[in-house]
Amino acid sequence: MTEQILHIENLLIGYKRPFTKVFNANVYRGNLICIIGRNGTGKSTLLNTLAGIIKPLGGNIFYEDKNFAKLNLREKSTLISYVPSKQEYLSNLSVYDLVALGRSPYTNIFDRKNSKDKIIIDQALRNFNLEELRDKALYEISDGERQRSMICRAIVQETPLILLDEPTAFLDYYAKQKLLLDLSNLVKENNKCILFSSHDIELSLKYADTVWLFHNKEIVSIPVDTLKESDLLEKIMGFNFK
C-alpha cells in the first residue's frame, strides 16, 4: 500500500482574505504533482503555506501524521524542502557551498559535514550535471544553472516531500525536459513526493501523475490521464491536448 505523506484538512490559503475555498487532499509517496492555474490564483501562496512560510487562514496540514504547525524548525526541515520561484541566495557562495546547505538539518552546531554528507553532496552534483561548476560562485553562473543548484540543494536535504515553485523557469527546452524526467525518476526510485507549479503545461503533464488545478476559487485534484480525456483544462487555461 502506498504510504501517505501529507494530509491537508479544510485548508484556507491567502493573506487577509482566502484565495480559495477549503481544500482537502491526501498526498502519497511516489507521486509527482503539478500545480496549474492562471496567474494570481494562488499557486505560490499554496506552496508557501505548505512550506510553513505563510500561516494558513484555516485548517491543518499534517506531514506523516504530525501537525506541521506544532513542529520546530529542525523537524520541519527534515520533512520538507522548498525552492521558491524567486531565487534568493548569497551570490558569493560557491555552487558546492549552496548545495551543501541542504545537509544542515543533519549536522552539528558547527555545520560540520561527515563522510556520508559529502558522498550525498557529490552524488547530487553529478546527477544534476553541476560537477564542473562546483567551485564557481553563484554570481558567475547563469540563471538556469543557479536554478539547478537550488533544486540540487533541496534534493541533498533528503526530505520525503519537495516543493518547487516554477522549477523549469530560466531553463531551455532540453533542460526543462531533462529536469522533469529527473524529478519523475526521483519520486519513483526514492519513494518521495514532489509538488511543483508550472506554466509549461504540455511538458509538465508529460511527466506528472496528478494535477492540482486552480479553478473558480477551488483547487481540484485530478489524475493526469483523466484530465487529458476531459475538456476541463481547455475551458480553464485555453489549452487543448488534441
# chains A, B, ... in the order shown; residues from 1 in each chain; ligands from 1
>>> closest_atom_pairs(of="range 130-242 of chain A", to="range 28-45 of chain A", cutoff="6 Å", atoms="only C-alpha atoms", output="CSV")
residue,atom,partner,partner_atom,distance
A:Val187,CA,A:Gly30,CA,4.8
A:Lys188,CA,A:Gly30,CA,5.0
A:Asn191,CA,A:Gly30,CA,4.7
A:Lys192,CA,A:Arg29,CA,4.9
A:Cys193,CA,A:Arg29,CA,4.9
A:Ile194,CA,A:Leu32,CA,5.0
A:Leu195,CA,A:Ile33,CA,4.7
A:Phe196,CA,A:Cys34,CA,5.1
A:Ser197,CA,A:Ile35,CA,4.4
A:Ala208,CA,A:Leu32,CA,5.0
A:Asp209,CA,A:Leu32,CA,5.4
A:Thr210,CA,A:Ile33,CA,4.8
A:Val211,CA,A:Cys34,CA,4.8
A:Trp212,CA,A:Ile35,CA,4.7
A:Leu213,CA,A:Ile36,CA,5.0
A:Phe214,CA,A:Gly37,CA,4.8
>>> write_last_selection(atoms="C-alpha atoms", output="PDB file, in the first residue's frame")
ATOM      1  CA  VAL A 187       9.956  10.178  -6.849  1.00  0.00           C
ATOM      2  CA  LYS A 188       9.684   6.640  -8.212  1.00  0.00           C
ATOM      3  CA  ASN A 191       9.740   6.867  -2.910  1.00  0.00           C
ATOM      4  CA  LYS A 192       9.413  10.625  -2.458  1.00  0.00           C
ATOM      5  CA  CYS A 193       6.703  13.097  -3.422  1.00  0.00           C
ATOM      6  CA  ILE A 194       7.277  16.322  -5.347  1.00  0.00           C
ATOM      7  CA  LEU A 195       4.763  19.139  -5.794  1.00  0.00           C
ATOM      8  CA  PHE A 196       5.680  21.730  -8.395  1.00  0.00           C
ATOM      9  CA  SER A 197       3.935  24.647 -10.061  1.00  0.00           C
ATOM     10  CA  ALA A 208       3.306  14.414 -13.738  1.00  0.00           C
ATOM     11  CA  ASP A 209       0.994  11.833 -12.178  1.00  0.00           C
ATOM     12  CA  THR A 210      -1.578  14.228 -10.728  1.00  0.00           C
ATOM     13  CA  VAL A 211      -2.639  17.833 -11.281  1.00  0.00           C
ATOM     14  CA  TRP A 212      -3.889  20.329  -8.728  1.00  0.00           C
ATOM     15  CA  LEU A 213      -5.887  22.751 -10.845  1.00  0.00           C
ATOM     16  CA  PHE A 214      -6.977  26.180  -9.599  1.00  0.00           C
TER      17      PHE A 214
END
>>> select_by_dssp(residues="range 13-141 of chain A", states="strand (DSSP E or B)", output="PyMOL selection string")
chain A and resi 14+18+23-28+31-36+58-63+66-67+80-83+94+137
>>> write_last_selection(atoms="N, CA and C atoms", output="CSV table (one decimal), in the first residue's frame")
chain,number,residue,atom,x,y,z
A,14,GLY,N,-4.2,32.2,1.8
A,14,GLY,CA,-4.4,33.6,1.4
A,14,GLY,C,-3.7,34.5,2.5
A,18,PRO,N,-9.2,34.7,2.1
A,18,PRO,CA,-8.8,33.5,1.4
A,18,PRO,C,-8.9,33.6,-0.1
A,23,PHE,N,-9.7,23.4,1.0
A,23,PHE,CA,-9.1,22.4,0.2
A,23,PHE,C,-8.7,21.2,1.1
A,24,ASN,N,-9.1,20.0,0.6
A,24,ASN,CA,-8.8,18.8,1.3
A,24,ASN,C,-8.1,17.9,0.3
A,25,ALA,N,-7.0,17.2,0.8
A,25,ALA,CA,-6.3,16.3,-0.1
A,25,ALA,C,-5.4,15.4,0.7
A,26,ASN,N,-5.2,14.2,0.2
A,26,ASN,CA,-4.2,13.3,0.7
A,26,ASN,C,-3.1,13.1,-0.3
A,27,VAL,N,-1.9,13.1,0.1
A,27,VAL,CA,-0.7,13.0,-0.8
A,27,VAL,C,0.1,11.8,-0.5
A,28,TYR,N,0.5,11.1,-1.5
A,28,TYR,CA,1.2,9.8,-1.2
A,28,TYR,C,2.6,9.8,-1.8
A,31,ASN,N,4.6,10.1,-6.0
A,31,ASN,CA,3.8,10.9,-6.8
A,31,ASN,C,4.5,12.2,-7.2
A,32,LEU,N,4.4,12.6,-8.5
A,32,LEU,CA,4.8,13.9,-9.0
A,32,LEU,C,3.6,14.7,-9.3
A,33,ILE,N,3.3,15.8,-8.6
A,33,ILE,CA,2.1,16.5,-8.7
A,33,ILE,C,2.4,17.9,-9.2
A,34,CYS,N,1.7,18.3,-10.3
A,34,CYS,CA,1.9,19.6,-11.0
A,34,CYS,C,0.7,20.5,-10.6
A,35,ILE,N,1.0,21.7,-10.2
A,35,ILE,CA,0.0,22.7,-9.8
A,35,ILE,C,-0.1,23.7,-10.9
A,36,ILE,N,-1.3,23.8,-11.4
A,36,ILE,CA,-1.6,24.6,-12.6
A,36,ILE,C,-2.7,25.6,-12.3
A,58,GLY,N,-7.0,29.0,7.7
A,58,GLY,CA,-7.8,28.0,8.4
A,58,GLY,C,-7.4,26.6,8.0
A,59,GLY,N,-7.8,25.6,8.8
A,59,GLY,CA,-7.4,24.2,8.5
A,59,GLY,C,-6.1,23.8,9.1
A,60,ASN,N,-5.7,22.6,8.7
A,60,ASN,CA,-4.5,22.0,9.3
A,60,ASN,C,-3.7,21.2,8.2
A,61,ILE,N,-2.4,21.1,8.4
A,61,ILE,CA,-1.5,20.4,7.5
A,61,ILE,C,-0.8,19.4,8.3
A,62,PHE,N,-0.9,18.1,7.9
A,62,PHE,CA,-0.2,17.1,8.6
A,62,PHE,C,0.8,16.4,7.7
A,63,TYR,N,2.1,16.4,8.2
A,63,TYR,CA,3.1,15.6,7.5
A,63,TYR,C,3.4,14.4,8.2
A,66,LYS,N,2.0,14.2,11.6
A,66,LYS,CA,2.5,15.2,12.5
A,66,LYS,C,1.9,16.6,12.1
A,67,ASN,N,1.3,17.3,13.0
A,67,ASN,CA,0.7,18.6,12.8
A,67,ASN,C,1.9,19.6,12.5
A,80,ILE,N,10.4,18.4,4.8
A,80,ILE,CA,10.0,19.2,3.6
A,80,ILE,C,11.2,20.1,3.2
A,81,SER,N,11.4,20.2,1.9
A,81,SER,CA,12.4,21.1,1.3
A,81,SER,C,11.6,22.0,0.3
A,82,TYR,N,12.1,23.2,0.1
A,82,TYR,CA,11.3,24.1,-0.8
A,82,TYR,C,12.3,25.0,-1.6
A,83,VAL,N,11.9,25.1,-2.8
A,83,VAL,CA,12.7,26.0,-3.7
A,83,VAL,C,11.6,27.0,-4.3
A,94,SER,N,29.8,29.5,-3.3
A,94,SER,CA,30.0,28.6,-4.5
A,94,SER,C,28.8,27.7,-4.7
A,137,ALA,N,31.4,30.7,-8.2
A,137,ALA,CA,30.5,31.5,-7.3
A,137,ALA,C,29.1,31.6,-8.0
>>> atom_distance(atom1="CA of Ile54 in chain A", atom2="CA of Lys76 in chain A")
13.9 Å
>>> atom_distance(atom1="CA of Leu47 in chain A", atom2="CA of Gln157 in chain A")
17.6 Å
>>> select_by_dssp(residues="range 17-242 of chain A", states="alpha helix (DSSP H)", output="NGL selection string")
:A and (43-50 or 73-77 or 95-100 or 115-127 or 143-156 or 173-190 or 201-207 or 224-229 or 232-237)
>>> atom_distance(atom1="CA of Lys116 in chain A", atom2="CA of Ser104 in chain A")
12.8 Å
>>> residues_around(residues="Leu181 in chain A", least_positions_apart="6", cutoff="12 Å", atoms="only C-alpha atoms", output="VMD selection string")
chain A and resid 32 127 to 128 168 174 to 175 187 to 188 203 to 208
>>> residues_around(residues="range 144-148 of chain A", least_positions_apart="3", cutoff="12 Å", atoms="only C-alpha atoms", output="MDAnalysis selection string")
chainID A and resid 83:91 93:96 98:99 124:134 136:141 151:155 164:176 178:180 182:183
>>> closest_residue(among="A:Ile13, A:Ser184, A:Asn216, A:Leu227", to="Glu202 in chain A", atoms="only C-alpha atoms")
A:Leu227
